[in-house]
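Novice: File input_21.cif follows (mmCIF, C-alpha atoms):
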data_my_file
loop_
_atom_site.label_atom_id
_atom_site.label_comp_id
_atom_site.auth_asym_id
_atom_site.auth_seq_id
_atom_site.Cartn_x
_atom_site.Cartn_y
_atom_site.Cartn_z
CA MET Z 2 26.42 23.91 -11.54
CA GLY Z 3 24.14 25.78 -13.95
CA GLN Z 4 23.49 22.50 -15.69
CA TRP Z 5 22.28 20.91 -12.47
CA ALA Z 6 19.87 23.79 -11.91
CA GLY Z 7 18.23 22.92 -15.24
CA TYR Z 8 17.90 19.28 -14.26
CA LEU Z 9 16.56 20.24 -10.85
CA GLN Z 10 13.90 22.31 -12.58
CA LEU Z 11 12.96 19.26 -14.64
CA ILE Z 12 12.51 17.22 -11.47
CA LEU Z 13 10.52 19.99 -9.81
CA GLU Z 14 8.17 20.09 -12.80
CA GLY Z 15 7.67 16.39 -12.24
CA ALA Z 16 7.08 17.06 -8.55
CA LEU Z 17 4.24 19.37 -9.55
CA VAL Z 18 2.63 16.56 -11.57
CA THR Z 19 3.04 14.19 -8.61
CA ILE Z 20 1.42 16.70 -6.27
CA LYS Z 21 -1.44 17.28 -8.71
CA LEU Z 22 -1.99 13.53 -9.07
CA THR Z 23 -1.91 13.02 -5.32
CA LEU Z 24 -4.40 15.81 -4.63
CA MET Z 25 -6.85 14.84 -7.37
CA GLY Z 26 -6.48 11.14 -6.61
CA SER Z 27 -7.04 11.75 -2.89
CA LEU Z 28 -10.17 13.77 -3.63
CA LEU Z 29 -11.60 10.98 -5.80
CA ALA Z 30 -10.53 8.41 -3.20
CA LEU Z 31 -12.27 10.37 -0.42
CA ILE Z 32 -15.52 10.56 -2.41
CA MET Z 33 -15.37 6.87 -3.35
CA ALA Z 34 -14.51 5.89 0.22
CA PHE Z 35 -17.64 7.56 1.56
CA ILE Z 36 -19.91 6.27 -1.21
CA ALA Z 37 -18.67 2.68 -0.90
CA GLY Z 38 -18.27 2.80 2.89
CA LEU Z 39 -21.84 4.00 3.38
CA GLY Z 40 -22.95 1.52 0.71
CA ARG Z 41 -21.44 -1.30 2.77
CA ILE Z 42 -23.69 -0.49 5.73
CA SER Z 43 -26.76 0.37 3.64
CA ARG Z 44 -30.14 -1.20 4.41
CA PHE Z 45 -30.56 -2.13 0.74
CA TRP Z 46 -28.79 -5.28 -0.32
CA PRO Z 47 -28.04 -4.16 -3.93
CA ALA Z 48 -26.09 -1.21 -2.53
CA ARG Z 49 -24.24 -3.53 -0.14
CA ALA Z 50 -23.46 -6.02 -2.91
CA LEU Z 51 -22.26 -3.30 -5.29
CA ALA Z 52 -20.05 -1.71 -2.65
CA THR Z 53 -18.58 -5.07 -1.61
CA ALA Z 54 -17.85 -5.98 -5.23
CA TYR Z 55 -16.12 -2.63 -5.79
CA ILE Z 56 -14.04 -2.93 -2.63
CA GLU Z 57 -12.98 -6.53 -3.19
CA PHE Z 58 -12.16 -5.90 -6.84
CA PHE Z 59 -9.96 -2.88 -6.27
CA ARG Z 60 -8.28 -4.22 -3.16
CA GLY Z 61 -7.76 -7.59 -4.78
CA THR Z 62 -5.90 -6.51 -7.92
CA SER Z 63 -2.80 -4.42 -7.76
CA ILE Z 64 -2.72 -0.72 -8.61
CA PHE Z 65 -0.23 -1.38 -11.38
CA VAL Z 66 -2.57 -3.78 -13.17
CA GLN Z 67 -5.51 -1.41 -12.72
CA LEU Z 68 -3.53 1.48 -14.15
CA PHE Z 69 -2.49 -0.54 -17.18
CA TRP Z 70 -6.03 -1.71 -17.61
CA ALA Z 71 -7.34 1.86 -17.47
CA TYR Z 72 -4.71 3.11 -19.89
CA PHE Z 73 -4.47 0.28 -22.42
CA VAL Z 74 -7.75 -1.68 -22.26
CA LEU Z 75 -10.36 1.03 -21.67
CA PRO Z 76 -9.53 2.79 -24.98
CA LEU Z 77 -10.26 -0.51 -26.75
CA LEU Z 78 -13.69 -0.50 -25.10
CA GLY Z 79 -14.32 3.02 -26.31
CA PHE Z 80 -13.13 5.21 -23.41
CA SER Z 81 -9.98 7.08 -24.27
CA LEU Z 82 -8.20 8.59 -21.29
CA THR Z 83 -5.18 10.83 -21.13
CA PRO Z 84 -2.39 9.42 -18.93
CA LEU Z 85 -3.28 11.93 -16.22
CA GLN Z 86 -6.97 10.93 -16.26
CA ALA Z 87 -6.07 7.23 -16.22
CA GLY Z 88 -3.68 7.88 -13.32
CA VAL Z 89 -6.19 9.82 -11.24
CA LEU Z 90 -8.92 7.29 -11.98
CA ALA Z 91 -6.84 4.23 -11.06
CA LEU Z 92 -5.25 5.81 -7.97
CA GLY Z 93 -8.54 7.27 -6.72
CA LEU Z 94 -10.56 4.09 -7.22
CA ASN Z 95 -7.84 1.90 -5.71
CA VAL Z 96 -7.22 3.94 -2.59
CA GLY Z 97 -10.95 4.68 -2.30
CA ALA Z 98 -11.56 0.95 -1.87
CA TYR Z 99 -9.16 0.88 1.08
CA GLY Z 100 -10.71 4.05 2.46
CA ALA Z 101 -14.22 2.55 2.25
CA GLU Z 102 -13.29 -0.07 4.85
CA VAL Z 103 -11.97 2.74 7.06
CA VAL Z 104 -15.26 4.63 6.75
CA ARG Z 105 -17.25 1.49 7.56
CA GLY Z 106 -15.06 0.60 10.53
CA ALA Z 107 -15.22 4.10 12.00
CA ILE Z 108 -19.01 4.33 11.69
CA LYS Z 109 -19.41 0.85 13.21
CA SER Z 110 -17.24 1.85 16.15
CA ILE Z 111 -19.60 4.64 17.26
CA GLY Z 112 -21.43 3.43 20.35
CA ARG Z 113 -25.01 2.19 20.33
CA GLU Z 114 -26.09 4.89 22.74
CA GLN Z 115 -25.41 7.51 20.04
CA TYR Z 116 -27.88 5.79 17.71
CA GLU Z 117 -30.39 5.46 20.54
CA ALA Z 118 -30.02 9.15 21.32
CA CYS Z 119 -30.73 9.92 17.64
CA ILE Z 120 -33.93 7.91 17.81
CA ALA Z 121 -34.88 9.58 21.07
CA LEU Z 122 -34.40 12.98 19.39
CA ASN Z 123 -36.56 11.82 16.49
CA PHE Z 124 -33.77 12.31 13.92
CA ASN Z 125 -34.25 10.49 10.66
CA ARG Z 126 -31.41 8.31 9.29
CA TRP Z 127 -29.81 11.07 7.23
CA GLN Z 128 -29.98 13.60 10.07
CA SER Z 129 -28.43 11.25 12.60
CA LEU Z 130 -25.67 10.35 10.17
CA ARG Z 131 -24.98 13.97 9.24
CA HIS Z 132 -25.16 15.58 12.68
CA ILE Z 133 -24.29 12.85 15.18
CA ILE Z 134 -22.46 9.87 13.69
CA LEU Z 135 -20.21 11.28 10.95
CA PRO Z 136 -18.73 14.17 12.97
CA GLN Z 137 -17.58 11.66 15.57
CA ALA Z 138 -16.57 8.97 13.09
CA PHE Z 139 -14.62 11.36 10.87
CA VAL Z 140 -12.11 12.08 13.63
CA LEU Z 141 -11.50 8.34 13.96
CA MET Z 142 -11.00 8.00 10.21
CA LEU Z 143 -8.43 10.78 9.91
CA PRO Z 144 -5.21 8.97 10.93
CA THR Z 145 -5.89 6.07 8.58
CA PHE Z 146 -6.91 8.46 5.81
CA GLY Z 147 -3.53 10.12 6.27
CA ASN Z 148 -1.78 6.78 5.84
CA ASN Z 149 -3.92 6.08 2.77
CA ALA Z 150 -2.96 9.45 1.27
CA ILE Z 151 0.72 8.55 1.76
CA GLU Z 152 0.09 5.18 0.11
CA LEU Z 153 -1.51 7.07 -2.79
CA LEU Z 154 1.48 9.39 -3.07
CA LYS Z 155 3.78 6.38 -3.19
CA ALA Z 156 1.59 4.52 -5.66
CA SER Z 157 1.59 7.58 -7.94
CA ALA Z 158 5.20 6.74 -8.90
CA VAL Z 159 3.74 3.92 -10.98
CA VAL Z 160 2.20 6.39 -13.45
CA SER Z 161 5.71 7.04 -14.77
CA LEU Z 162 5.33 3.66 -16.48
CA ILE Z 163 2.41 4.89 -18.59
CA SER Z 164 4.55 7.80 -19.80
CA LEU Z 165 3.09 10.45 -17.51
CA SER Z 166 5.93 12.83 -16.68
CA ASP Z 167 5.76 12.69 -12.88
CA MET Z 168 8.75 12.97 -10.57
CA THR Z 169 9.94 9.39 -11.10
CA PHE Z 170 9.65 9.76 -14.87
CA GLN Z 171 11.66 13.00 -14.83
CA ALA Z 172 14.33 11.36 -12.69
CA GLN Z 173 14.66 8.70 -15.38
CA VAL Z 174 14.96 11.46 -18.00
CA VAL Z 175 17.72 13.13 -16.00
CA ARG Z 176 19.43 9.78 -15.55
CA ALA Z 177 19.30 9.15 -19.29
CA GLN Z 178 20.67 12.61 -20.11
CA THR Z 179 23.43 12.86 -17.51
CA GLY Z 180 24.34 9.24 -16.92
CA SER Z 181 24.29 10.05 -13.22
CA THR Z 182 22.04 7.71 -11.26
CA LEU Z 183 22.68 8.58 -7.64
CA ILE Z 184 21.79 12.28 -7.71
CA PRO Z 185 18.39 12.20 -9.48
CA PHE Z 186 17.13 9.19 -7.54
CA LEU Z 187 18.37 10.49 -4.20
CA THR Z 188 16.75 13.86 -4.96
CA ILE Z 189 13.35 12.36 -5.66
CA LEU Z 190 13.55 10.00 -2.68
CA VAL Z 191 14.09 13.03 -0.44
CA LEU Z 192 11.29 14.94 -2.19
CA TYR Z 193 8.86 12.01 -1.80
CA PHE Z 194 9.80 11.77 1.87
CA LEU Z 195 9.21 15.50 2.33
CA MET Z 196 5.79 15.22 0.67
CA SER Z 197 4.74 12.29 2.83
CA SER Z 198 5.97 14.17 5.92
CA VAL Z 199 3.83 17.16 4.89
CA ILE Z 200 0.79 14.87 4.51
CA SER Z 201 1.23 13.25 7.92
CA ALA Z 202 1.93 16.60 9.61
CA SER Z 203 -1.16 18.23 8.09
CA ILE Z 204 -3.35 15.27 9.03
CA ARG Z 205 -2.09 15.53 12.62
CA GLY Z 206 -2.86 19.26 12.57
CA LEU Z 207 -6.36 18.65 11.20
CA GLU Z 208 -6.93 16.01 13.87
CA ARG Z 209 -5.90 18.42 16.62
CA TYR Z 210 -8.18 21.08 15.14
CA LEU Z 211 -11.20 18.77 14.91
CA THR Z 212 -10.76 17.36 18.44
CA ARG Z 213 -10.22 20.75 20.12
CA GLY Z 214 -12.29 21.03 23.26
CA LEU Z 215 -12.92 17.29 23.29
CA ASP Z 216 -10.23 16.48 25.88
CA GLY Z 217 -11.69 14.27 28.54
CA VAL Z 218 -14.97 13.90 26.65
CA ARG Z 219 -13.72 10.90 24.73
CA SER Z 220 -11.16 8.37 25.77
CA MET O 7 -11.78 -5.26 -30.07
CA GLU O 8 -13.22 -8.68 -29.24
CA TRP O 9 -12.16 -11.12 -26.55
CA ASP O 10 -10.34 -14.01 -28.28
CA TRP O 11 -10.23 -17.32 -26.39
CA ALA O 12 -7.81 -18.90 -28.88
CA PHE O 13 -5.34 -16.12 -28.11
CA VAL O 14 -5.84 -16.69 -24.37
CA VAL O 15 -4.94 -20.37 -24.73
CA GLU O 16 -1.95 -19.44 -26.84
CA ILE O 17 -0.47 -17.03 -24.28
CA LEU O 18 -1.26 -19.02 -21.13
CA PRO O 19 2.02 -21.01 -21.00
CA THR O 20 4.05 -17.78 -21.17
CA LEU O 21 1.96 -16.24 -18.39
CA VAL O 22 2.44 -19.33 -16.23
CA GLU O 23 6.20 -18.81 -16.55
CA GLY O 24 5.64 -15.32 -15.18
CA VAL O 25 3.47 -16.61 -12.34
CA LYS O 26 6.34 -18.81 -11.15
CA ILE O 27 8.67 -15.83 -10.86
CA THR O 28 5.93 -13.76 -9.20
CA ILE O 29 5.42 -16.43 -6.53
CA LEU O 30 9.15 -16.94 -6.06
CA ALA O 31 9.70 -13.21 -5.59
CA THR O 32 6.82 -13.03 -3.10
CA LEU O 33 8.09 -15.96 -1.03
CA LEU O 34 11.69 -14.73 -0.90
CA GLY O 35 10.52 -11.17 -0.27
CA SER O 36 8.27 -12.33 2.59
CA VAL O 37 11.10 -14.19 4.31
CA LEU O 38 13.37 -11.18 3.97
CA ALA O 39 10.66 -8.77 5.16
CA ALA O 40 9.97 -10.96 8.20
CA LEU O 41 13.65 -10.98 9.14
CA ILE O 42 14.31 -7.29 8.40
CA GLY O 43 11.17 -6.29 10.27
CA LEU O 44 12.26 -8.22 13.34
CA GLY O 45 15.72 -6.65 13.19
CA LEU O 46 14.30 -3.15 12.82
CA ALA O 47 11.81 -3.67 15.64
CA ILE O 48 14.50 -4.88 18.05
CA LEU O 49 17.01 -2.17 17.06
CA ARG O 50 14.32 0.48 17.46
CA ARG O 51 13.79 -0.62 21.05
CA SER O 52 17.50 -0.25 21.79
CA LYS O 53 18.34 1.91 24.81
CA ASN O 54 21.19 3.49 22.86
CA VAL O 55 19.76 6.65 21.24
CA PHE O 56 22.45 6.54 18.54
CA VAL O 57 21.00 3.20 17.41
CA SER O 58 17.27 3.64 17.92
CA LYS O 59 16.93 7.13 16.40
CA PRO O 60 18.77 6.54 13.09
CA VAL O 61 17.05 3.17 12.65
CA GLY O 62 13.69 4.81 13.32
CA PHE O 63 14.40 7.56 10.80
CA LEU O 64 15.58 5.06 8.18
CA ALA O 65 12.40 3.01 8.62
CA ASP O 66 10.21 6.11 8.31
CA PHE O 67 12.15 7.22 5.26
CA ILE O 68 11.74 3.88 3.50
CA ARG O 69 8.05 3.77 4.39
CA GLY O 70 7.51 7.32 3.14
CA THR O 71 8.99 6.80 -0.32
CA PRO O 72 7.70 4.74 -3.27
CA LEU O 73 8.79 1.14 -3.71
CA LEU O 74 9.30 1.77 -7.43
CA VAL O 75 11.94 4.44 -6.78
CA GLN O 76 13.63 2.23 -4.20
CA LEU O 77 13.79 -0.56 -6.77
CA TYR O 78 15.37 1.81 -9.29
CA PHE O 79 17.81 2.92 -6.61
CA ILE O 80 18.87 -0.63 -5.75
CA PHE O 81 19.03 -1.73 -9.36
CA TYR O 82 20.66 1.31 -10.98
CA VAL O 83 22.62 3.09 -8.24
CA LEU O 84 24.23 0.22 -6.36
CA PRO O 85 26.19 -0.99 -9.45
CA ASP O 86 28.00 2.39 -9.36
CA ALA O 87 29.17 1.43 -5.88
CA GLY O 88 30.41 -1.88 -7.24
CA ILE O 89 27.43 -3.99 -6.14
CA THR O 90 25.83 -5.52 -9.21
CA LEU O 91 22.65 -7.47 -8.54
CA SER O 92 20.55 -9.58 -10.84
CA PRO O 93 17.08 -8.08 -11.42
CA LEU O 94 15.35 -10.71 -9.29
CA VAL O 95 17.76 -10.30 -6.38
CA ALA O 96 17.41 -6.52 -6.53
CA GLY O 97 13.63 -6.91 -6.62
CA VAL O 98 13.55 -9.27 -3.65
CA ILE O 99 15.80 -6.96 -1.63
CA GLY O 100 13.56 -4.00 -2.51
CA LEU O 101 10.37 -5.84 -1.53
CA GLY O 102 11.94 -7.18 1.66
CA LEU O 103 13.31 -3.81 2.72
CA HIS O 104 10.11 -1.90 1.94
CA TYR O 105 7.75 -4.35 3.62
CA GLY O 106 10.26 -4.94 6.42
CA THR O 107 9.48 -1.41 7.63
CA TYR O 108 5.79 -2.35 7.74
CA THR O 109 6.31 -5.67 9.49
CA ALA O 110 8.56 -3.86 11.99
CA GLU O 111 5.44 -2.03 13.20
CA VAL O 112 3.59 -5.34 13.53
CA TYR O 113 6.45 -6.77 15.59
CA ARG O 114 6.53 -3.62 17.72
CA GLY O 115 2.82 -3.98 18.46
CA GLY O 116 3.21 -7.67 19.25
CA ILE O 117 6.22 -7.13 21.51
CA ASP O 118 4.49 -4.28 23.35
CA ASN O 119 1.57 -6.65 23.99
CA VAL O 120 3.77 -9.01 26.03
CA ALA O 121 3.10 -8.19 29.67
CA ARG O 122 5.79 -6.34 31.65
CA GLY O 123 5.83 -9.14 34.20
CA GLN O 124 7.37 -11.44 31.59
CA TRP O 125 10.36 -9.12 31.19
CA GLU O 126 10.75 -8.87 34.93
CA ALA O 127 10.45 -12.63 35.36
CA ALA O 128 13.13 -13.15 32.70
CA ARG O 129 15.42 -10.78 34.57
CA ALA O 130 14.62 -12.49 37.89
CA CYS O 131 15.61 -15.84 36.34
CA ASN O 132 18.93 -14.25 35.30
CA LEU O 133 18.38 -14.85 31.58
CA SER O 134 20.63 -13.00 29.14
CA ALA O 135 19.12 -10.52 26.66
CA PHE O 136 19.37 -13.13 23.90
CA GLN O 137 17.70 -15.79 26.04
CA THR O 138 14.97 -13.36 27.07
CA TRP O 139 14.13 -12.62 23.43
CA THR O 140 14.30 -16.17 22.07
CA ARG O 141 12.85 -18.07 25.02
CA ILE O 142 10.36 -15.70 26.64
CA ILE O 143 9.29 -12.72 24.54
CA LEU O 144 9.18 -13.89 20.91
CA PRO O 145 7.36 -17.21 21.55
CA GLN O 146 4.55 -15.23 23.16
CA ALA O 147 4.64 -12.25 20.82
CA LEU O 148 4.79 -14.09 17.48
CA PRO O 149 1.55 -16.12 17.19
CA PRO O 150 -0.83 -13.14 17.54
CA MET O 151 1.17 -11.33 14.84
CA ILE O 152 0.72 -14.02 12.21
CA PRO O 153 -2.52 -12.67 10.66
CA ALA O 154 -1.16 -9.12 10.46
CA LEU O 155 2.09 -10.35 8.92
CA ALA O 156 0.18 -12.47 6.42
CA ASN O 157 -1.80 -9.37 5.49
CA TYR O 158 1.40 -7.57 4.49
CA PHE O 159 2.64 -10.56 2.55
CA ILE O 160 -0.55 -10.48 0.51
CA ALA O 161 -0.03 -6.76 -0.03
CA MET O 162 3.52 -7.50 -1.16
CA PHE O 163 2.24 -10.11 -3.58
CA LYS O 164 0.10 -7.45 -5.21
CA GLU O 165 3.10 -5.11 -5.50
CA THR O 166 5.27 -7.63 -7.36
CA PRO O 167 4.20 -6.26 -10.79
CA LEU O 168 6.46 -3.31 -9.97
CA LEU O 169 9.43 -5.63 -10.42
CA SER O 170 8.72 -5.57 -14.15
CA ALA O 171 10.10 -2.01 -14.13
CA ILE O 172 13.54 -3.40 -13.31
CA THR O 173 13.24 -6.06 -16.02
CA VAL O 174 12.30 -9.04 -13.81
CA LEU O 175 10.34 -11.38 -16.08
CA GLU O 176 7.42 -11.86 -13.73
CA LEU O 177 3.74 -12.11 -14.66
CA MET O 178 3.17 -8.43 -15.50
CA ASN O 179 6.30 -8.22 -17.61
CA GLN O 180 5.37 -11.35 -19.55
CA ALA O 181 1.90 -9.92 -20.13
CA ARG O 182 3.31 -6.61 -21.30
CA SER O 183 5.75 -8.20 -23.70
CA ILE O 184 2.96 -10.38 -25.14
CA ALA O 185 0.77 -7.29 -25.44
CA ASN O 186 3.47 -5.25 -27.14
CA TYR O 187 4.48 -8.07 -29.46
CA ASN O 188 0.97 -8.94 -30.63
CA TYR O 189 -0.47 -5.48 -30.07
CA ARG O 190 -3.36 -7.00 -28.11
CA TYR O 191 -3.73 -5.60 -24.62
CA ILE O 192 -7.19 -6.72 -23.59
CA GLU O 193 -6.49 -10.42 -22.93
CA PRO O 194 -3.05 -10.34 -21.25
CA ILE O 195 -3.76 -7.41 -18.91
CA THR O 196 -7.24 -8.69 -18.01
CA LEU O 197 -5.83 -12.17 -17.29
CA VAL O 198 -3.19 -10.67 -15.00
CA GLY O 199 -5.92 -8.76 -13.18
CA ALA O 200 -8.10 -11.89 -12.91
CA PHE O 201 -5.15 -13.88 -11.60
CA PHE O 202 -4.42 -11.37 -8.84
CA LEU O 203 -8.09 -11.09 -7.97
CA VAL O 204 -8.50 -14.86 -7.61
CA ILE O 205 -5.36 -15.23 -5.51
CA SER O 206 -6.29 -12.37 -3.22
CA LEU O 207 -9.88 -13.58 -2.76
CA VAL O 208 -8.50 -17.00 -1.79
CA SER O 209 -5.98 -15.38 0.52
CA VAL O 210 -8.75 -13.38 2.23
CA ILE O 211 -10.36 -16.69 3.19
CA ALA O 212 -7.00 -18.03 4.39
CA LEU O 213 -6.51 -14.84 6.39
CA ARG O 214 -9.90 -15.26 8.12
CA TRP O 215 -8.81 -18.75 9.13
CA LEU O 216 -5.49 -17.46 10.48
CA GLU O 217 -7.36 -14.81 12.47
CA ARG O 218 -9.62 -17.44 14.03
CA ARG O 219 -6.66 -19.68 14.76
CA TYR O 220 -4.27 -17.11 16.23
CA GLY O 221 -6.47 -14.13 17.05
CA ARG O 222 -6.12 -10.56 15.95
CA ILE O 223 -3.31 -8.49 17.34
CA GLU O 224 -5.40 -5.40 18.08
CA GLU O 225 -8.05 -7.28 20.01
CA ARG O 226 -5.64 -8.48 22.67
#
Let's see the structure in the file written out as structure tokens.
Specialist:
Amino acid sequence: MGQWAGYLQLILEGALVTIKLTLMGSLLALIMAFIAGLGRISRFWPARALATAYIEFFRGTSIFVQLFWAYFVLPLLGFSLTPLQAGVLALGLNVGAYGAEVVRGAIKSIGREQYEACIALNFNRWQSLRHIILPQAFVLMLPTFGNNAIELLKASAVVSLISLSDMTFQAQVVRAQTGSTLIPFLTILVLYFLMSSVISASIRGLERYLTRGLDGVRS
Amino acid sequence: MEWDWAFVVEILPTLVEGVKITILATLLGSVLAALIGLGLAILRRSKNVFVSKPVGFLADFIRGTPLLVQLYFIFYVLPDAGITLSPLVAGVIGLGLHYGTYTAEVYRGGIDNVARGQWEAARACNLSAFQTWTRIILPQALPPMIPALANYFIAMFKETPLLSAITVLELMNQARSIANYNYRYIEPITLVGAFFLVISLVSVIALRWLERRYGRIEER
């Protein structure tokens, strides 16, 4: 029994790495999603072209390939990254590309009359975006952002293959040391499921908080 | 390190071998995901709570956990229970099961979009449950789902590199073994990336066509 406690601790240490990766990756993804999403609807064509290229590139190649590229090829080009940095970079940029489409879709779905009201109030583009459009669009983005964060959590298991000691990696270590396969893998499956449940519950909570007092105002 | 075209030409045949396995795994996985998704969607609609609830929980559980860990589970844990699978079979089952939980949601949306009157008409015509599904509901529900299903199959295609973790010799695994053997990463990994990018750009165009042909599910 005492032996299992030691192995459990090993897996929990890995869980900490997974959580760290997910949080940092999500933060990068959120920033990239807004930059690229706003770039997609920019008035300037270079910004649109750049954002489209970024989105198509990162959505078109798989996360696994991007991670390997970041970890093995970038050092050859002169950028050395630690496994954690490579993991956060690949996860954040990949999920950010998916998020960018969410940002664009949500902003596009705000009704014309809101834009007309902004003009009527003599708001400039930044003011109307900041005070009128984004607060409404953000609520629409939240559920999909939640799903994207869960996708990021799940994709983070891939970092175990570039020798970053996340939860999946530690489960492999436990498997190698004990020869037991069922217990470590079942443990991490349950832990991953708990984490994704926490993400979806907190997104639902945030959504309720942001839409308080809006009942009946919007459909 | 410089890009070496001679090396690219040298490794291409090996990569093509990997591409074949990648495509095979995607096709088999797609068929399995389409079938599993349909099964899950129908079971989840069951009136019996002891069927619909556990199936719903199972689907949520599979969707909430990483495909990589599920692949490990199928490949390493099932042999303890006496079920030994070849790497490719384990990989296809993993892909099918994982994406089946996604396609189940597509089916659910498509089935919910069939008007209530159709169910009532089927009952009025005294059709059995099986006849209702195969003759009335699915023929109407399936075509609008095709673009959304295709979308998940493309996503699955991009996840196939994960199969290299359970020793399937698909594209990524071939590239990695070339890279490790020659200690040159830049060409193999970049080529794999380029290959996936080209295929997915082409598939985006195909998807647009499917959407025009069959319509989007959410717009109905």
Novice: Calculated over all atoms listed in the file, which of the candidates O:Tyr105, O:Tyr113, O:Trp215, O:Tyr191 has the smallest distance to chain Z?
Specialist: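 Using all atoms listed in the file, chain Z sits closest to O:Tyr191.
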Novice: Give me the residues of chain Z that have any atom at most 9 Å from an atom of chain O; for each, the nearest atom pair and the distance in Å, rounded to one decimal. Use all atoms listed in the file, sort by chain and number, and format it as JSON lines.
Specialist:
{"residue": "Z:Glu57", "atom": "CA", "partner": "O:Leu207", "partner_atom": "CA", "distance": 7.7}
{"residue": "Z:Phe58", "atom": "CA", "partner": "O:Leu203", "partner_atom": "CA", "distance": 6.7}
{"residue": "Z:Phe59", "atom": "CA", "partner": "O:Leu203", "partner_atom": "CA", "distance": 8.6}
{"residue": "Z:Arg60", "atom": "CA", "partner": "O:Leu203", "partner_atom": "CA", "distance": 8.4}
{"residue": "Z:Gly61", "atom": "CA", "partner": "O:Leu203", "partner_atom": "CA", "distance": 4.7}
{"residue": "Z:Thr62", "atom": "CA", "partner": "O:Leu203", "partner_atom": "CA", "distance": 5.1}
{"residue": "Z:Ser63", "atom": "CA", "partner": "O:Lys164", "partner_atom": "CA", "distance": 4.9}
{"residue": "Z:Ile64", "atom": "CA", "partner": "O:Glu165", "partner_atom": "CA", "distance": 7.9}
{"residue": "Z:Phe65", "atom": "CA", "partner": "O:Pro167", "partner_atom": "CA", "distance": 6.6}
{"residue": "Z:Val66", "atom": "CA", "partner": "O:Gly199", "partner_atom": "CA", "distance": 6.0}
{"residue": "Z:Gln67", "atom": "CA", "partner": "O:Gly199", "partner_atom": "CA", "distance": 7.4}
{"residue": "Z:Phe69", "atom": "CA", "partner": "O:Ile195", "partner_atom": "CA", "distance": 7.2}
{"residue": "Z:Trp70", "atom": "CA", "partner": "O:Ile195", "partner_atom": "CA", "distance": 6.3}
{"residue": "Z:Phe73", "atom": "CA", "partner": "O:Tyr191", "partner_atom": "CA", "distance": 6.3}
{"residue": "Z:Val74", "atom": "CA", "partner": "O:Ile192", "partner_atom": "CA", "distance": 5.2}
{"residue": "Z:Leu75", "atom": "CA", "partner": "O:Ile192", "partner_atom": "CA", "distance": 8.6}
{"residue": "Z:Leu77", "atom": "CA", "partner": "O:Met7", "partner_atom": "CA", "distance": 6.0}
{"residue": "Z:Leu78", "atom": "CA", "partner": "O:Met7", "partner_atom": "CA", "distance": 7.1}
{"residue": "Z:Ile151", "atom": "CA", "partner": "O:Gly70", "partner_atom": "CA", "distance": 7.0}
{"residue": "Z:Glu152", "atom": "CA", "partner": "O:Gly70", "partner_atom": "CA", "distance": 8.3}
{"residue": "Z:Leu154", "atom": "CA", "partner": "O:Pro72", "partner_atom": "CA", "distance": 7.8}
{"residue": "Z:Lys155", "atom": "CA", "partner": "O:Pro72", "partner_atom": "CA", "distance": 4.2}
{"residue": "Z:Ala156", "atom": "CA", "partner": "O:Pro72", "partner_atom": "CA", "distance": 6.6}
{"residue": "Z:Ser157", "atom": "CA", "partner": "O:Pro72", "partner_atom": "CA", "distance": 8.2}
{"residue": "Z:Ala158", "atom": "CA", "partner": "O:Pro72", "partner_atom": "CA", "distance": 6.5}
{"residue": "Z:Val159", "atom": "CA", "partner": "O:Leu74", "partner_atom": "CA", "distance": 6.9}
{"residue": "Z:Leu162", "atom": "CA", "partner": "O:Ala171", "partner_atom": "CA", "distance": 7.8}
{"residue": "Z:Thr169", "atom": "CA", "partner": "O:Val75", "partner_atom": "CA", "distance": 6.9}
{"residue": "Z:Ser181", "atom": "CA", "partner": "O:Val83", "partner_atom": "CA", "distance": 8.7}
{"residue": "Z:Thr182", "atom": "CA", "partner": "O:Val83", "partner_atom": "CA", "distance": 5.5}
{"residue": "Z:Leu183", "atom": "CA", "partner": "O:Val83", "partner_atom": "CA", "distance": 5.5}
{"residue": "Z:Phe186", "atom": "CA", "partner": "O:Phe79", "partner_atom": "CA", "distance": 6.4}
{"residue": "Z:Leu187", "atom": "CA", "partner": "O:Phe79", "partner_atom": "CA", "distance": 8.0}
{"residue": "Z:Ile189", "atom": "CA", "partner": "O:Val75", "partner_atom": "CA", "distance": 8.1}
{"residue": "Z:Leu190", "atom": "CA", "partner": "O:Thr71", "partner_atom": "CA", "distance": 6.1}
{"residue": "Z:Val191", "atom": "CA", "partner": "O:Thr71", "partner_atom": "CA", "distance": 8.1}
{"residue": "Z:Leu192", "atom": "CA", "partner": "O:Thr71", "partner_atom": "CA", "distance": 8.7}
{"residue": "Z:Tyr193", "atom": "CA", "partner": "O:Thr71", "partner_atom": "CA", "distance": 5.4}
{"residue": "Z:Phe194", "atom": "CA", "partner": "O:Gly70", "partner_atom": "CA", "distance": 5.2}
{"residue": "Z:Leu195", "atom": "CA", "partner": "O:Gly70", "partner_atom": "CA", "distance": 8.4}
{"residue": "Z:Met196", "atom": "CA", "partner": "O:Gly70", "partner_atom": "CA", "distance": 8.5}
{"residue": "Z:Ser197", "atom": "CA", "partner": "O:Gly70", "partner_atom": "CA", "distance": 5.7}
{"residue": "Z:Ser198", "atom": "CA", "partner": "O:Gly70", "partner_atom": "CA", "distance": 7.6}
Novice: Have a look at atom CA of O:Gly116 and atom CA of O:Leu38 and let me know their distance in Å, one decimal.
Specialist: 18.7 Å
Novice: By how many Å are atom CA of Z:Gln10 and atom CA of Z:Leu165 apart?
Specialist: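 Separation of atom CA of Z:Gln10 and atom CA of Z:Leu165: 16.8 Å.
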